[in-house]
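*Asks:* Provided herewith is a single structure, encoded as structure tokens, for subsequent inquiry.
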Amino acid sequence: MAVPTTAGTGSEVGRSTVIADEVTHVKRIIFSPRLLTKAVFADPELTIGLPAPVTAATGMDALTHCVEAYLAKGWHPLCDGIALEGLRLAARSLVRCVRKPTDLAARGDMLMASMMGAVAFQKGLGVTHSCAHALSAAVDMHHGLANAVMIDHALAHNIEAVPERFATLAEVANLPVRDGEGFLAWLVDLKRDLGIPAGLAEAGVPAEARARLPDLALADVCHQCNPRVCTRADFARLFTAAT
């Protein structure tokens with residue numbers, strides 16, 4: 001049985017685990033049906049005590065899962081539908097959870113968004129996660145925070161590949177500007193509202209660690225499902241933009 005006390009990764013419904021190799025600093029993913037739990041008890045009251053920064057970081061993790069699963073290449077309408085509904089719930093409730101921690105309806109929305117993101121990303125993830133895994137390996141940054149720091153910078157790489165998908169994301173998030181630029185602008189504003197660092201320098205990532213990030217990101221498997229190929233040079237450009 002699984003009883004989630006955060007609303008982020010959705011590992012309570014996952015079939016994988018992630019192990020960080022302390023020698024190579026590469027994150028390795030293990031899949032097995034034996035990792036699936038038989039029952040999940042998702043009680044929003046158990047998340048009320050989460051501090052605001054943890055609520056924000058884990059919530060951005062859930063949102064990132066939904067967004068990247070929807071953008072991932074390949075055809076999977078079931079995962080796409082689940083991902084979009086997860087985004088809709090997160091868009092309306094994440095800031096509410098941070099500003100009013102006892103809002104059970106908002107907390108419930110985020111628990112659902114977390115689980116839906118974890119189901120949807122069985123389709124795949126993308127370049128944001130490869131960047132985040134690199135940060136977690138290099139400087140031991142919390143995974144949700146790493147996703148949150150990088151998401152707007154990393155997703156800019158994908159707009160030209162799937163502009164219609166970004167328009168749908170913006171529509172589901174109920175944004176006034178329903179295109180890729182509008183969606184990225186919303187992410188920037190959302191990060192500011194949640195107290196998430198805008199970039200790597202603000203997040204305290206030292207310059208010497210930043211130099212290692214492109215190689216670590218390239219070695220990560222998540223970007224293989226990205227809708228646009230991302231080379232080492234592309235990763236270097238994205239991390240520079242995120243500085």
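Please note that chains go A, B, ... in the order of the structure tokens, that every chain numbers its residues from 1, and that ligands are numbered from 1 in the order shown.
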Would you mind listing what lies within 12 Å of segment 53-57 of chain A as a CSV table (one decimal) with C-alpha atoms, in the first residue's frame, with only C-alpha atoms counted and same-chain residues fewer than 4 positions away left out?

*Replies:*
```csv
chain,number,residue,atom,x,y,z
A,5,THR,CA,2.3,12.8,1.8
A,6,THR,CA,3.5,15.0,-1.1
A,7,ALA,CA,1.8,15.9,-4.4
A,8,GLY,CA,4.6,15.8,-7.0
A,9,THR,CA,6.3,12.7,-8.4
A,47,THR,CA,-0.3,17.1,2.7
A,48,ILE,CA,-1.5,20.1,4.7
A,49,GLY,CA,1.7,20.2,6.8
A,61,ASP,CA,7.1,18.4,-10.5
A,62,ALA,CA,3.5,17.2,-11.0
A,63,LEU,CA,2.9,20.0,-13.5
A,64,THR,CA,6.1,19.3,-15.4
A,90,ALA,CA,-2.5,22.0,-11.3
A,93,SER,CA,-4.8,24.8,-7.6
A,94,LEU,CA,-1.1,24.9,-7.2
A,95,VAL,CA,-0.8,28.6,-6.2
A,96,ARG,CA,-3.9,28.1,-3.9
A,97,CYS,CA,-2.1,25.3,-2.1
A,98,VAL,CA,0.9,27.6,-1.4
A,99,ARG,CA,-1.1,30.6,-0.4
A,100,LYS,CA,-3.7,28.7,1.6
A,101,PRO,CA,-2.2,25.4,2.8
A,102,THR,CA,-5.4,24.2,4.5
A,106,ALA,CA,-6.8,22.5,-3.8
A,107,ARG,CA,-4.7,19.9,-2.0
A,110,MET,CA,-2.7,18.5,-6.6
A,111,LEU,CA,-2.8,14.9,-5.4
A,114,SER,CA,0.5,14.2,-9.3
A,141,MET,CA,19.1,19.7,-6.2
A,142,HIS,CA,15.6,18.6,-5.2
A,143,HIS,CA,14.1,17.0,-8.3
A,144,GLY,CA,10.9,19.1,-8.3
A,145,LEU,CA,12.8,22.3,-7.8
A,146,ALA,CA,15.2,21.4,-10.6
A,147,ASN,CA,12.2,20.8,-12.9
A,148,ALA,CA,10.7,24.1,-11.8
A,149,VAL,CA,13.9,26.1,-12.4
A,150,MET,CA,14.5,24.7,-15.8
A,151,ILE,CA,11.0,24.2,-17.3
A,190,LEU,CA,3.9,31.0,-12.0
A,191,LYS,CA,7.5,30.5,-10.8
A,192,ARG,CA,7.6,34.0,-9.5
A,193,ASP,CA,4.2,33.5,-7.7
A,194,LEU,CA,5.5,30.3,-6.1
A,195,GLY,CA,8.9,31.7,-5.0
A,196,ILE,CA,10.8,29.5,-7.5
A,197,PRO,CA,14.2,30.7,-8.6
```

*Asks:* Could you pull the residues within 6 Å of segment 122-132 of chain A, counting only C-alpha atoms, minus those fewer than 3 positions along the same chain, as a ChimeraX atom specification?

*Replies:* /A:68-69,72,119,135,146-147,151,154,217,220,222-223,225-226

*Asks:* Name the residues of segment 11-114 of chain A that come out as strand (DSSP E) in a backbone DSSP run; write them as an MDAnalysis selection string.

*Replies:* chainID A and resid 16:20 27:31

*Asks:* What does the file look like for those residues with C-alpha atoms, as an mmCIF file, in the first residue's frame?

*Replies:*
```
data_model
loop_
_atom_site.group_PDB
_atom_site.id
_atom_site.type_symbol
_atom_site.label_atom_id
_atom_site.label_comp_id
_atom_site.auth_asym_id
_atom_site.auth_seq_id
_atom_site.Cartn_x
_atom_site.Cartn_y
_atom_site.Cartn_z
ATOM 1 C CA SER A 16 9.923 2.735 -11.773
ATOM 2 C CA THR A 17 12.570 3.890 -9.365
ATOM 3 C CA VAL A 18 15.498 6.246 -9.882
ATOM 4 C CA ILE A 19 18.989 5.668 -8.512
ATOM 5 C CA ALA A 20 21.775 8.258 -8.702
ATOM 6 C CA LYS A 27 20.613 8.941 -12.763
ATOM 7 C CA ARG A 28 19.579 5.413 -13.688
ATOM 8 C CA ILE A 29 15.938 4.344 -14.021
ATOM 9 C CA ILE A 30 14.734 0.849 -13.132
ATOM 10 C CA PHE A 31 11.366 -0.447 -14.359
#
```
